[in-house]
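Structure data (compact mmCIF, C-alpha atoms) from input_28.txt:
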```
# COMPACT_ATOMS: atom_id res chain seq x y z
CA MET A 1 20.56 12.81 -21.76
CA ALA A 2 18.50 14.19 -24.67
CA MET A 3 14.75 14.31 -24.10
CA ALA A 4 12.79 11.73 -26.12
CA MET A 5 10.26 13.25 -28.53
CA VAL A 6 6.70 12.14 -29.22
CA GLY A 7 6.68 9.81 -32.24
CA GLU A 8 10.27 8.70 -31.68
CA GLU A 9 11.12 5.01 -31.22
CA VAL A 10 13.12 4.52 -28.03
CA SER A 11 14.37 1.67 -25.87
CA ASN A 12 12.10 0.75 -22.96
CA LYS A 13 13.54 -1.05 -19.94
CA GLN A 14 11.01 -3.33 -18.22
CA VAL A 15 10.83 -5.55 -15.14
CA VAL A 16 9.08 -8.79 -16.14
CA LEU A 17 7.95 -11.78 -14.12
CA LYS A 18 9.89 -14.83 -15.33
CA THR A 19 7.57 -17.49 -13.93
CA TYR A 20 4.86 -17.94 -11.32
CA VAL A 21 6.17 -18.01 -7.75
CA THR A 22 5.56 -20.50 -4.94
CA GLY A 23 6.88 -19.86 -1.45
CA PHE A 24 9.11 -16.89 -0.70
CA PRO A 25 9.79 -14.78 -3.83
CA LYS A 26 13.35 -14.05 -4.97
CA ASP A 27 14.89 -11.24 -7.03
CA THR A 28 15.59 -13.85 -9.71
CA ASP A 29 11.85 -14.49 -10.19
CA MET A 30 11.97 -11.20 -12.09
CA GLU A 31 14.36 -9.86 -14.71
CA VAL A 32 15.08 -6.54 -16.41
CA VAL A 33 14.73 -6.65 -20.19
CA THR A 34 14.93 -3.94 -22.84
CA THR A 35 12.35 -3.60 -25.61
CA LYS A 36 11.39 -0.85 -28.05
CA ILE A 37 8.41 1.49 -27.92
CA THR A 38 7.16 4.27 -30.18
CA LEU A 39 6.27 7.31 -28.11
CA ARG A 40 2.81 7.84 -29.58
CA VAL A 41 -0.67 6.57 -28.80
CA PRO A 42 -1.72 4.48 -31.85
CA GLU A 43 -4.55 5.90 -33.96
CA SER A 44 -6.50 2.71 -33.27
CA SER A 45 -6.66 3.66 -29.57
CA ASN A 46 -9.54 6.09 -29.01
CA ASP A 47 -8.95 6.51 -25.31
CA GLY A 48 -5.29 5.75 -24.69
CA ILE A 49 -2.50 7.69 -23.02
CA LEU A 50 1.27 7.20 -23.26
CA LEU A 51 3.15 7.63 -19.99
CA LYS A 52 6.70 8.27 -18.88
CA ASN A 53 6.84 6.54 -15.51
CA LEU A 54 8.51 8.47 -12.69
CA TYR A 55 7.85 6.57 -9.43
CA LEU A 56 6.73 2.98 -8.84
CA SER A 57 5.02 1.71 -5.71
CA CYS A 58 6.02 -1.57 -4.03
CA ASP A 59 3.04 -3.03 -2.18
CA PRO A 60 2.48 -6.34 -0.34
CA TYR A 61 -0.67 -7.28 -2.33
CA MET A 62 1.58 -7.65 -5.40
CA ARG A 63 2.88 -10.94 -3.99
CA ASN A 64 -0.53 -12.53 -4.62
CA ARG A 65 -0.35 -11.44 -8.26
CA MET A 66 2.87 -13.45 -8.70
CA THR A 67 1.02 -16.70 -7.98
CA LYS A 68 -0.55 -18.94 -10.64
CA PRO A 69 -4.31 -18.34 -10.40
CA ASP A 70 -6.35 -21.33 -9.26
CA ARG A 71 -9.56 -19.38 -8.58
CA PRO A 72 -10.87 -15.89 -9.36
CA SER A 73 -9.45 -13.05 -7.26
CA TYR A 74 -10.14 -9.35 -6.88
CA VAL A 75 -7.09 -8.64 -9.03
CA ASP A 76 -5.58 -10.67 -11.88
CA SER A 77 -2.26 -12.48 -11.61
CA PHE A 78 0.70 -11.11 -13.53
CA ASN A 79 1.52 -12.77 -16.85
CA PRO A 80 4.97 -14.42 -16.99
CA GLY A 81 7.11 -12.76 -19.63
CA LYS A 82 5.16 -9.50 -19.29
CA PRO A 83 5.96 -6.41 -17.19
CA ILE A 84 4.97 -6.31 -13.53
CA ILE A 85 2.03 -3.94 -13.02
CA GLY A 86 1.52 -1.71 -10.00
CA TYR A 87 0.66 1.76 -8.81
CA GLY A 88 2.90 4.53 -10.04
CA VAL A 89 3.27 8.24 -10.71
CA SER A 90 3.72 9.18 -14.36
CA LYS A 91 3.80 12.04 -16.84
CA VAL A 92 1.54 12.03 -19.92
CA LEU A 93 3.64 12.23 -23.11
CA ASP A 94 0.77 11.73 -25.59
CA SER A 95 -2.99 11.43 -25.19
CA ARG A 96 -6.08 10.54 -27.17
CA ASN A 97 -8.18 10.81 -24.04
CA PRO A 98 -10.15 14.04 -23.43
CA ASN A 99 -9.54 13.80 -19.67
CA PHE A 100 -5.74 13.87 -19.95
CA GLN A 101 -3.48 16.33 -21.73
CA THR A 102 0.18 16.09 -22.68
CA GLY A 103 2.23 17.20 -19.69
CA ASP A 104 -0.33 16.11 -17.08
CA LEU A 105 0.96 14.27 -14.02
CA VAL A 106 -1.11 11.24 -13.04
CA TRP A 107 -1.17 8.26 -10.68
CA GLY A 108 -2.69 4.84 -11.23
CA MET A 109 -1.89 1.28 -12.34
CA THR A 110 1.05 1.35 -14.73
CA GLY A 111 3.78 -1.02 -15.96
CA TRP A 112 7.14 -1.54 -14.28
CA GLU A 113 8.89 0.01 -17.25
CA GLU A 114 10.20 3.37 -18.42
CA TYR A 115 7.23 4.05 -20.73
CA SER A 116 3.72 2.59 -20.68
CA LEU A 117 0.84 2.67 -23.16
CA ILE A 118 -2.41 2.68 -21.17
CA THR A 119 -5.38 1.79 -23.36
CA SER A 120 -8.05 2.22 -20.65
CA PRO A 121 -7.00 5.00 -18.26
CA GLN A 122 -10.35 5.35 -16.47
CA LEU A 123 -8.78 4.46 -13.12
CA PHE A 124 -6.02 7.08 -13.35
CA PHE A 125 -6.16 10.20 -11.18
CA LYS A 126 -4.83 13.52 -12.42
CA ILE A 127 -2.42 15.12 -9.93
CA GLU A 128 -3.59 18.67 -9.20
CA HIS A 129 -1.46 19.41 -6.12
CA THR A 130 2.27 19.55 -6.86
CA ASP A 131 3.32 21.57 -3.78
CA VAL A 132 3.99 18.28 -1.98
CA PRO A 133 6.52 15.60 -3.04
CA LEU A 134 5.29 13.80 -6.17
CA SER A 135 6.39 10.51 -4.61
CA TYR A 136 3.61 10.97 -2.01
CA TYR A 137 1.15 9.87 -4.70
CA THR A 138 2.56 6.34 -4.37
CA GLY A 139 1.82 6.52 -0.65
CA ILE A 140 0.01 8.96 1.60
CA LEU A 141 -1.75 10.72 -1.32
CA GLY A 142 -2.33 7.53 -3.31
CA MET A 143 -3.64 4.00 -2.75
CA PRO A 144 -2.05 3.40 0.71
CA GLY A 145 -3.36 6.72 2.02
CA MET A 146 -6.90 5.99 0.83
CA THR A 147 -6.58 2.48 2.31
CA ALA A 148 -5.70 3.87 5.74
CA TYR A 149 -8.44 6.51 5.61
CA ALA A 150 -11.22 4.20 4.39
CA GLY A 151 -10.22 1.27 6.57
CA PHE A 152 -9.92 3.28 9.76
CA TYR A 153 -12.82 5.71 9.41
CA GLU A 154 -15.32 3.90 7.20
CA VAL A 155 -14.78 0.33 8.41
CA GLY A 156 -13.29 0.89 11.87
CA ALA A 157 -15.75 3.67 12.83
CA PRO A 158 -13.55 5.04 15.65
CA GLN A 159 -14.85 6.95 18.64
CA LYS A 160 -12.84 9.43 20.70
CA GLY A 161 -10.90 7.71 23.49
CA GLU A 162 -10.99 4.22 22.00
CA ARG A 163 -8.02 1.85 22.12
CA VAL A 164 -6.47 1.05 18.74
CA PHE A 165 -3.87 -1.55 17.77
CA VAL A 166 -2.08 -1.46 14.40
CA SER A 167 0.12 -4.31 13.11
CA ALA A 168 2.85 -3.70 10.50
CA ALA A 169 2.55 -0.21 11.91
CA SER A 170 5.57 1.41 10.24
CA GLY A 171 4.56 0.40 6.72
CA ALA A 172 2.88 2.43 3.98
CA VAL A 173 -0.60 2.08 5.52
CA GLY A 174 0.10 1.46 9.21
CA GLN A 175 2.11 4.63 9.84
CA LEU A 176 -0.84 6.70 8.66
CA VAL A 177 -3.50 4.68 10.53
CA GLY A 178 -1.69 5.39 13.78
CA GLN A 179 -1.63 9.12 13.09
CA LEU A 180 -5.31 9.11 12.13
CA ALA A 181 -6.04 7.38 15.44
CA LYS A 182 -4.18 10.09 17.36
CA LEU A 183 -6.04 12.83 15.44
CA THR A 184 -9.25 11.12 16.63
CA ASP A 185 -8.00 11.24 20.25
CA CYS A 186 -7.56 7.48 20.51
CA TYR A 187 -4.92 5.54 22.43
CA VAL A 188 -2.81 3.75 19.81
CA VAL A 189 -0.20 0.98 19.95
CA GLY A 190 1.73 -0.44 16.99
CA SER A 191 3.81 -3.52 16.34
CA ALA A 192 6.81 -3.56 14.01
CA GLY A 193 9.87 -5.73 13.34
CA SER A 194 12.90 -3.75 14.58
CA LYS A 195 14.01 -1.33 17.27
CA GLU A 196 14.45 1.38 14.62
CA LYS A 197 10.84 0.98 13.52
CA VAL A 198 9.52 0.92 17.09
CA ASP A 199 11.39 4.16 17.81
CA LEU A 200 9.89 5.66 14.63
CA LEU A 201 6.37 4.75 15.76
CA LYS A 202 6.77 6.40 19.16
CA ASN A 203 8.98 9.36 18.31
CA LYS A 204 7.89 10.39 14.82
CA PHE A 205 4.34 9.12 14.33
CA GLY A 206 3.13 9.74 17.87
CA PHE A 207 2.03 6.22 18.83
CA ASP A 208 1.44 5.95 22.59
CA GLU A 209 3.27 2.63 22.75
CA ALA A 210 4.92 0.17 20.37
CA PHE A 211 6.66 -3.20 20.52
CA ASN A 212 8.99 -5.30 18.37
CA TYR A 213 7.02 -8.48 17.67
CA LYS A 214 10.26 -10.37 16.95
CA GLU A 215 11.30 -9.90 20.59
CA GLU A 216 7.96 -11.04 22.07
CA GLU A 217 7.71 -14.74 22.90
CA ASP A 218 4.01 -14.39 23.79
CA PHE A 219 1.87 -12.01 21.69
CA ASP A 220 -1.06 -12.40 24.10
CA ALA A 221 1.10 -11.23 27.01
CA ALA A 222 2.46 -8.31 24.96
CA LEU A 223 -1.05 -7.16 24.10
CA ARG A 224 -2.28 -7.52 27.68
CA ARG A 225 0.70 -5.39 28.78
CA CYS A 226 -0.15 -2.64 26.25
CA PHE A 227 -3.94 -2.94 26.54
CA PRO A 228 -4.87 -3.88 30.12
CA GLU A 229 -8.48 -2.88 29.32
CA GLY A 230 -8.55 -4.50 25.88
CA ILE A 231 -8.65 -3.35 22.25
CA ASP A 232 -11.55 -1.55 20.54
CA ILE A 233 -10.13 -1.45 16.99
CA TYR A 234 -7.50 -3.73 15.50
CA PHE A 235 -6.27 -2.57 12.08
CA GLU A 236 -5.22 -5.92 10.64
CA ASN A 237 -2.21 -6.07 8.33
CA VAL A 238 -0.50 -9.36 9.24
CA GLY A 239 -2.87 -12.23 10.11
CA GLY A 240 -1.63 -15.50 11.63
CA LYS A 241 -0.52 -15.71 15.25
CA MET A 242 -0.95 -11.96 15.84
CA LEU A 243 -4.62 -12.11 14.82
CA ASP A 244 -5.16 -15.08 17.12
CA ALA A 245 -3.69 -13.17 20.08
CA VAL A 246 -5.65 -10.01 19.26
CA LEU A 247 -8.98 -11.87 19.27
CA LEU A 248 -8.37 -12.82 22.93
CA ASN A 249 -7.77 -9.15 23.77
CA MET A 250 -10.63 -7.47 21.92
CA ARG A 251 -13.27 -5.56 23.87
CA LEU A 252 -17.02 -6.05 23.51
CA HIS A 253 -18.29 -4.73 20.15
CA GLY A 254 -14.74 -4.26 18.87
CA ARG A 255 -14.03 -3.78 15.17
CA ILE A 256 -11.34 -5.38 13.03
CA PRO A 257 -10.85 -3.76 9.59
CA VAL A 258 -8.95 -6.43 7.63
CA CYS A 259 -6.53 -4.70 5.26
CA GLY A 260 -3.94 -7.44 4.67
CA MET A 261 -2.28 -10.57 6.02
CA ILE A 262 1.36 -10.25 5.03
CA SER A 263 2.50 -13.07 7.34
CA GLN A 264 0.55 -15.53 5.16
CA TYR A 265 1.41 -14.43 1.62
CA ASN A 266 4.50 -16.62 1.18
CA LEU A 267 3.15 -19.73 2.91
CA GLN A 268 2.10 -22.62 0.70
CA GLN A 269 -0.37 -23.61 3.43
CA SER A 270 -1.97 -20.72 5.36
CA GLU A 271 -1.96 -20.87 9.16
CA GLY A 272 -5.29 -21.47 10.84
CA VAL A 273 -6.90 -19.06 13.31
CA HIS A 274 -8.03 -20.72 16.55
CA ASN A 275 -9.80 -18.01 18.55
CA LEU A 276 -12.65 -17.14 16.18
CA PHE A 277 -15.24 -17.92 18.86
CA CYS A 278 -14.28 -14.53 20.33
CA LEU A 279 -16.14 -12.95 17.39
CA ILE A 280 -19.33 -14.38 18.89
CA SER A 281 -18.68 -14.02 22.60
CA LYS A 282 -17.43 -10.43 22.27
CA ARG A 283 -19.78 -9.44 19.41
CA ILE A 284 -16.80 -8.34 17.30
CA ARG A 285 -17.26 -7.09 13.73
CA MET A 286 -14.39 -8.29 11.51
CA GLU A 287 -14.66 -6.91 7.98
CA GLY A 288 -12.37 -7.17 4.98
CA PHE A 289 -12.25 -4.25 2.57
CA LEU A 290 -10.71 -3.20 -0.74
CA VAL A 291 -9.64 0.35 -1.42
CA PHE A 292 -11.29 0.27 -4.88
CA ASP A 293 -14.68 0.42 -3.15
CA PHE A 294 -13.80 3.77 -1.57
CA TYR A 295 -12.13 5.73 -4.38
CA HIS A 296 -15.27 7.87 -4.65
CA LEU A 297 -14.07 9.41 -1.37
CA TYR A 298 -10.68 10.40 -2.80
CA PRO A 299 -11.47 14.12 -3.38
CA LYS A 300 -12.81 14.36 0.18
CA TYR A 301 -9.72 12.60 1.50
CA LEU A 302 -7.35 14.95 -0.37
CA ASP A 303 -9.18 18.02 0.96
CA TRP A 304 -8.79 16.64 4.47
CA ILE A 305 -5.22 15.28 4.40
CA LEU A 306 -3.36 17.99 2.44
CA PRO A 307 -3.76 20.71 5.12
CA HIS A 308 -2.65 18.21 7.78
CA ILE A 309 0.51 17.46 5.78
CA LYS A 310 1.26 21.15 5.19
CA ASP A 311 0.65 22.00 8.85
CA GLY A 312 2.97 19.20 9.97
CA LYS A 313 0.17 17.38 11.82
CA VAL A 314 0.69 14.29 9.67
CA THR A 315 4.10 13.04 8.59
CA TYR A 316 5.15 10.27 6.20
CA VAL A 317 8.34 8.23 5.90
CA GLU A 318 9.47 6.80 2.56
CA ASP A 319 12.11 4.21 1.68
CA ILE A 320 13.26 5.12 -1.84
CA ALA A 321 15.17 2.75 -4.13
CA GLU A 322 16.92 4.27 -7.15
CA GLY A 323 16.48 2.95 -10.68
CA LEU A 324 14.32 0.32 -12.36
CA GLU A 325 17.03 -2.32 -11.82
CA SER A 326 16.53 -2.00 -8.05
CA ALA A 327 12.76 -2.65 -8.25
CA PRO A 328 12.79 -6.48 -7.85
CA SER A 329 14.93 -6.29 -4.71
CA ALA A 330 12.81 -3.46 -3.30
CA LEU A 331 9.61 -5.48 -3.76
CA ILE A 332 11.07 -8.67 -2.24
CA GLY A 333 12.37 -6.65 0.73
CA LEU A 334 8.80 -5.97 1.86
CA PHE A 335 8.42 -9.60 2.93
CA SER A 336 11.47 -9.62 5.20
CA GLY A 337 10.73 -6.16 6.62
CA ARG A 338 13.82 -4.61 5.04
CA ASN A 339 12.00 -1.38 4.20
CA VAL A 340 11.54 1.42 6.72
CA GLY A 341 8.35 3.23 5.76
CA LYS A 342 6.67 3.31 2.36
CA GLN A 343 8.77 1.43 -0.23
CA LEU A 344 8.95 3.00 -3.68
CA VAL A 345 11.28 3.10 -6.66
CA VAL A 346 12.28 6.23 -8.54
CA ILE A 347 12.80 5.73 -12.29
CA ALA A 348 13.01 9.37 -13.32
CA ARG A 349 12.40 12.66 -11.58
CA GLU A 350 9.95 15.05 -13.22
```
Using structure tokens, write down the structure from this file.
Amino acid sequence: MAMAMVGEEVSNKQVVLKTYVTGFPKDTDMEVVTTKITLRVPESSNDGILLKNLYLSCDPYMRNRMTKPDRPSYVDSFNPGKPIIGYGVSKVLDSRNPNFQTGDLVWGMTGWEEYSLITSPQLFFKIEHTDVPLSYYTGILGMPGMTAYAGFYEVGAPQKGERVFVSAASGAVGQLVGQLAKLTDCYVVGSAGSKEKVDLLKNKFGFDEAFNYKEEEDFDAALRRCFPEGIDIYFENVGGKMLDAVLLNMRLHGRIPVCGMISQYNLQQSEGVHNLFCLISKRIRMEGFLVFDFYHLYPKYLDWILPHIKDGKVTYVEDIAEGLESAPSALIGLFSGRNVGKQLVVIARE
């Protein structure tokens, strides 16, 4: 295929949200359309950059953006009829921004489309290290990696020898949290939704123990089996019944960094939590956090994680879907646990 030139008008495939979603999302809530785009930043845009998108990230928080807003949130809902927006890795084709040059590789919030015009690229990061897979910048070297690092170290405040439990442990964030816990000399257990994922946790990511939550009739009993002396840090990704069981098994002065609650995202009425009195009786600190508040630590995180990746001390598993047309199905698959590892979509390889 001939390379598109700056200034040329080309077709631009996009994944758009058809309508706001209630309940469990379906592939058909999204559709692939083709529009036109001129590959140039308009003269009226003083700061803009034009991107060719290479990799798109599928993340659970995106489900909340598919819902009609009834109150302000930390991130805006998608607009029906407009492209889905999410983290991605892209190449700069044209720039009117002094911080980005043509040919730069970047990661940040981009459209689910082949080409995107970004009018305010302040939250984009230039990719300086290309001796690792570019796709890692949708995961371990991007938002999920920073989420794991900030949530575990800054919010969880781990101490050597502590007991750590991670839910949704084979996902984009959980697989890294478990490895960070092992690097801190903690005992770590993860829960996941299949035998394959449990094996991955124990054999690839180095978790001390893991269980398939779908095979456990009693989460409290499962946690007591894995943590006879209780849990110091629970890295919360799922909410619901698992959170209720964890509260009963926390140790005094335990910490619960609250990253996500994927079990609740598709419910029209969220489940209640019954054991909150444990927060008082056990003096537990339960704290929600957003990765945006920690991006100032990104250079420090990169300096720390890159040598660990290159030395093989940290590993990362990706689940890669091919082509923009596969993006809706890849995103929906997160909510039934179809993905194994970090889910992303490749549109074009650099």
Item to check | Selected residue, from A:Asp199, A:Lys204, A:His253, A:Ser77, that lies nearest to Glu162 in chain A when counting only C-alpha atoms | outcome: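 Closest candidate: A:His253.
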Checklist entry - Restricting the calculation to only C-alpha atoms, which member of A:Gly206, A:Gly171, A:Gly272, A:Gly178 is positioned closest to Pro144 in chain A? => result A:Gly171
Contacts of range 11-14 of chain A at 8 Å (only C-alpha atoms; same-chain gap of 4+ positions) as a PDB file with C-alpha atoms, keeping the file's coordinate frame:
```pdb
ATOM      1  CA  VAL A  32      15.080  -6.540 -16.410  1.00  0.00           C
ATOM      2  CA  VAL A  33      14.730  -6.650 -20.190  1.00  0.00           C
ATOM      3  CA  THR A  34      14.930  -3.940 -22.840  1.00  0.00           C
ATOM      4  CA  THR A  35      12.350  -3.600 -25.610  1.00  0.00           C
ATOM      5  CA  LYS A  36      11.390  -0.850 -28.050  1.00  0.00           C
ATOM      6  CA  ILE A  37       8.410   1.490 -27.920  1.00  0.00           C
ATOM      7  CA  PRO A  83       5.960  -6.410 -17.190  1.00  0.00           C
ATOM      8  CA  GLY A 111       3.780  -1.020 -15.960  1.00  0.00           C
ATOM      9  CA  TRP A 112       7.140  -1.540 -14.280  1.00  0.00           C
ATOM     10  CA  GLU A 113       8.890   0.010 -17.250  1.00  0.00           C
ATOM     11  CA  GLU A 114      10.200   3.370 -18.420  1.00  0.00           C
ATOM     12  CA  TYR A 115       7.230   4.050 -20.730  1.00  0.00           C
ATOM     13  CA  LEU A 324      14.320   0.320 -12.360  1.00  0.00           C
TER      14      LEU A 324
END
```
Item to check | For range 238-249 of chain A: contacts at 9 Å, all atoms listed in the file, fewer than 2 positions along chain excluded, given as a ChimeraX atom specification | outcome: /A:165,167-168,213,218-221,223-224,227-231,234,236,251,258-264,270-279,284
Please produce an output containing C-alpha atoms for each residue in the selection, written as a tab-separated table (two decimals), keeping the file's coordinate frame.
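So the final result, stored in out-v8.tsv, reads:
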```
chain	number	residue	atom	x	y	z
A	165	PHE	CA	-3.87	-1.55	17.77
A	167	SER	CA	0.12	-4.31	13.11
A	168	ALA	CA	2.85	-3.70	10.50
A	213	TYR	CA	7.02	-8.48	17.67
A	218	ASP	CA	4.01	-14.39	23.79
A	219	PHE	CA	1.87	-12.01	21.69
A	220	ASP	CA	-1.06	-12.40	24.10
A	221	ALA	CA	1.10	-11.23	27.01
A	223	LEU	CA	-1.05	-7.16	24.10
A	224	ARG	CA	-2.28	-7.52	27.68
A	227	PHE	CA	-3.94	-2.94	26.54
A	228	PRO	CA	-4.87	-3.88	30.12
A	229	GLU	CA	-8.48	-2.88	29.32
A	230	GLY	CA	-8.55	-4.50	25.88
A	231	ILE	CA	-8.65	-3.35	22.25
A	234	TYR	CA	-7.50	-3.73	15.50
A	236	GLU	CA	-5.22	-5.92	10.64
A	251	ARG	CA	-13.27	-5.56	23.87
A	258	VAL	CA	-8.95	-6.43	7.63
A	259	CYS	CA	-6.53	-4.70	5.26
A	260	GLY	CA	-3.94	-7.44	4.67
A	261	MET	CA	-2.28	-10.57	6.02
A	262	ILE	CA	1.36	-10.25	5.03
A	263	SER	CA	2.50	-13.07	7.34
A	264	GLN	CA	0.55	-15.53	5.16
A	270	SER	CA	-1.97	-20.72	5.36
A	271	GLU	CA	-1.96	-20.87	9.16
A	272	GLY	CA	-5.29	-21.47	10.84
A	273	VAL	CA	-6.90	-19.06	13.31
A	274	HIS	CA	-8.03	-20.72	16.55
A	275	ASN	CA	-9.80	-18.01	18.55
A	276	LEU	CA	-12.65	-17.14	16.18
A	277	PHE	CA	-15.24	-17.92	18.86
A	278	CYS	CA	-14.28	-14.53	20.33
A	279	LEU	CA	-16.14	-12.95	17.39
A	284	ILE	CA	-16.80	-8.34	17.30
```
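For Val340 in chain A, the non-local neighbours within 8 Å, defined as residues at least 2 positions apart in the same chain or in other chains and counting only C-alpha atoms, are Ser170, Gly171, Lys197, Val317, Glu318, Asp319, Gly337, Arg338, Lys342 and Gln343 of chain A.
Shortest atom-to-atom contact with Phe294 in chain A among A:Tyr187, A:Tyr153, A:Phe335, A:Phe24: A:Tyr153, counting all atoms listed in the file.
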Next on the checklist: I'd like the neighbourhood of Ile347 in chain A as a PyMOL selection string, where a residue qualifies if any of its atoms comes within 12 Å (using only C-alpha atoms), though same-chain residues fewer than 2 positions away should be ignored.
Outcome noted: chain A and resi 12-15+52-57+88-91+111-115+135+320-327+344-345+349-350
Using only the atoms of range 135-153 of chain A listed in the file, plus 6 Å on each side, state the axis-aligned box centre and edge lengths in Å rounded to one decimal, as JSON.
```
{"center_x": -3.2, "center_y": 6.1, "center_z": 2.5, "size_x": 31.2, "size_y": 21.7, "size_z": 26.5}
```
Checklist entry - Mind pulling up the distance from CA of Ala148 in chain A to CA of Val177 in chain A? => result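 Going from CA of Val177 in chain A over to CA of Ala148 in chain A covers 5.3 Å.
The shell of residues at most 12 Å from Arg40 in chain A, with all atoms listed in the file counted and near chain neighbours (fewer than 6 positions) removed, consists of Ala4, Met5, Val6, Gly7, Glu8, Glu9, Val10, Gly48, Ile49, Leu50, Leu51, Lys52, Val92, Leu93, Asp94, Ser95, Arg96, Thr102, Tyr115, Ser116, Leu117, Ile118 and Thr119 of chain A.
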Checklist entry - What separation in Å, quoted to one decimal, exists between CA of Asn64 in chain A and CA of Tyr265 in chain A? => result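 So the two atoms, CA of Asn64 in chain A and CA of Tyr265 in chain A, lie 6.8 Å apart.
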Checklist outcome for this item: As a check of understanding: the span from CA of Tyr137 in chain A to CA of Val75 in chain A is 20.7 Å
Next on the checklist: Residues within 7 Å of (1.1, -23.1, -1.0), file coordinates, counting only C-alpha atoms: what are they? Give the list as a list in words.
Outcome noted: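 So the residues meeting the distance criterion are Thr22, Gly23, Leu267, Gln268 and Gln269 of chain A.
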Checklist outcome for this item: Using all atoms listed in the file, the best pick from A:Phe235, A:Tyr74, A:Phe211, A:Tyr298 as closest to Leu180 in chain A would be A:Phe235
Checklist entry - Counting all atoms listed in the file, which of A:Tyr61, A:Phe207, A:Phe100, A:Tyr136 gets nearest to Ile309 in chain A? => result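 Nearest candidate to Ile309 in chain A out of A:Tyr61, A:Phe207, A:Phe100, A:Tyr136: A:Tyr136.
Shortest separation to Ser194 in chain A among A:Pro257, A:Asp208, A:Asn99, A:Ser336 occurs at residue A:Ser336, atoms counted being only C-alpha atoms.
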Checklist entry - Around (-5.4, 8.7, 13.6) in the file's own coordinates, what residues are found within 12 Å if you use all atoms listed in the file, given back as a PyMOL selection string? => result chain A and resi 145+148-153+156-166+173-189+205-208+233+235+305+308+313-315
Would you output that residue set with C-alpha atoms, as a PDB file, in the coordinates of the input?
```pdb
ATOM      1  CA  GLY A 145      -3.360   6.720   2.020  1.00  0.00           C
ATOM      2  CA  ALA A 148      -5.700   3.870   5.740  1.00  0.00           C
ATOM      3  CA  TYR A 149      -8.440   6.510   5.610  1.00  0.00           C
ATOM      4  CA  ALA A 150     -11.220   4.200   4.390  1.00  0.00           C
ATOM      5  CA  GLY A 151     -10.220   1.270   6.570  1.00  0.00           C
ATOM      6  CA  PHE A 152      -9.920   3.280   9.760  1.00  0.00           C
ATOM      7  CA  TYR A 153     -12.820   5.710   9.410  1.00  0.00           C
ATOM      8  CA  GLY A 156     -13.290   0.890  11.870  1.00  0.00           C
ATOM      9  CA  ALA A 157     -15.750   3.670  12.830  1.00  0.00           C
ATOM     10  CA  PRO A 158     -13.550   5.040  15.650  1.00  0.00           C
ATOM     11  CA  GLN A 159     -14.850   6.950  18.640  1.00  0.00           C
ATOM     12  CA  LYS A 160     -12.840   9.430  20.700  1.00  0.00           C
ATOM     13  CA  GLY A 161     -10.900   7.710  23.490  1.00  0.00           C
ATOM     14  CA  GLU A 162     -10.990   4.220  22.000  1.00  0.00           C
ATOM     15  CA  ARG A 163      -8.020   1.850  22.120  1.00  0.00           C
ATOM     16  CA  VAL A 164      -6.470   1.050  18.740  1.00  0.00           C
ATOM     17  CA  PHE A 165      -3.870  -1.550  17.770  1.00  0.00           C
ATOM     18  CA  VAL A 166      -2.080  -1.460  14.400  1.00  0.00           C
ATOM     19  CA  VAL A 173      -0.600   2.080   5.520  1.00  0.00           C
ATOM     20  CA  GLY A 174       0.100   1.460   9.210  1.00  0.00           C
ATOM     21  CA  GLN A 175       2.110   4.630   9.840  1.00  0.00           C
ATOM     22  CA  LEU A 176      -0.840   6.700   8.660  1.00  0.00           C
ATOM     23  CA  VAL A 177      -3.500   4.680  10.530  1.00  0.00           C
ATOM     24  CA  GLY A 178      -1.690   5.390  13.780  1.00  0.00           C
ATOM     25  CA  GLN A 179      -1.630   9.120  13.090  1.00  0.00           C
ATOM     26  CA  LEU A 180      -5.310   9.110  12.130  1.00  0.00           C
ATOM     27  CA  ALA A 181      -6.040   7.380  15.440  1.00  0.00           C
ATOM     28  CA  LYS A 182      -4.180  10.090  17.360  1.00  0.00           C
ATOM     29  CA  LEU A 183      -6.040  12.830  15.440  1.00  0.00           C
ATOM     30  CA  THR A 184      -9.250  11.120  16.630  1.00  0.00           C
ATOM     31  CA  ASP A 185      -8.000  11.240  20.250  1.00  0.00           C
ATOM     32  CA  CYS A 186      -7.560   7.480  20.510  1.00  0.00           C
ATOM     33  CA  TYR A 187      -4.920   5.540  22.430  1.00  0.00           C
ATOM     34  CA  VAL A 188      -2.810   3.750  19.810  1.00  0.00           C
ATOM     35  CA  VAL A 189      -0.200   0.980  19.950  1.00  0.00           C
ATOM     36  CA  PHE A 205       4.340   9.120  14.330  1.00  0.00           C
ATOM     37  CA  GLY A 206       3.130   9.740  17.870  1.00  0.00           C
ATOM     38  CA  PHE A 207       2.030   6.220  18.830  1.00  0.00           C
ATOM     39  CA  ASP A 208       1.440   5.950  22.590  1.00  0.00           C
ATOM     40  CA  ILE A 233     -10.130  -1.450  16.990  1.00  0.00           C
ATOM     41  CA  PHE A 235      -6.270  -2.570  12.080  1.00  0.00           C
ATOM     42  CA  ILE A 305      -5.220  15.280   4.400  1.00  0.00           C
ATOM     43  CA  HIS A 308      -2.650  18.210   7.780  1.00  0.00           C
ATOM     44  CA  LYS A 313       0.170  17.380  11.820  1.00  0.00           C
ATOM     45  CA  VAL A 314       0.690  14.290   9.670  1.00  0.00           C
ATOM     46  CA  THR A 315       4.100  13.040   8.590  1.00  0.00           C
TER      47      THR A 315
END
```
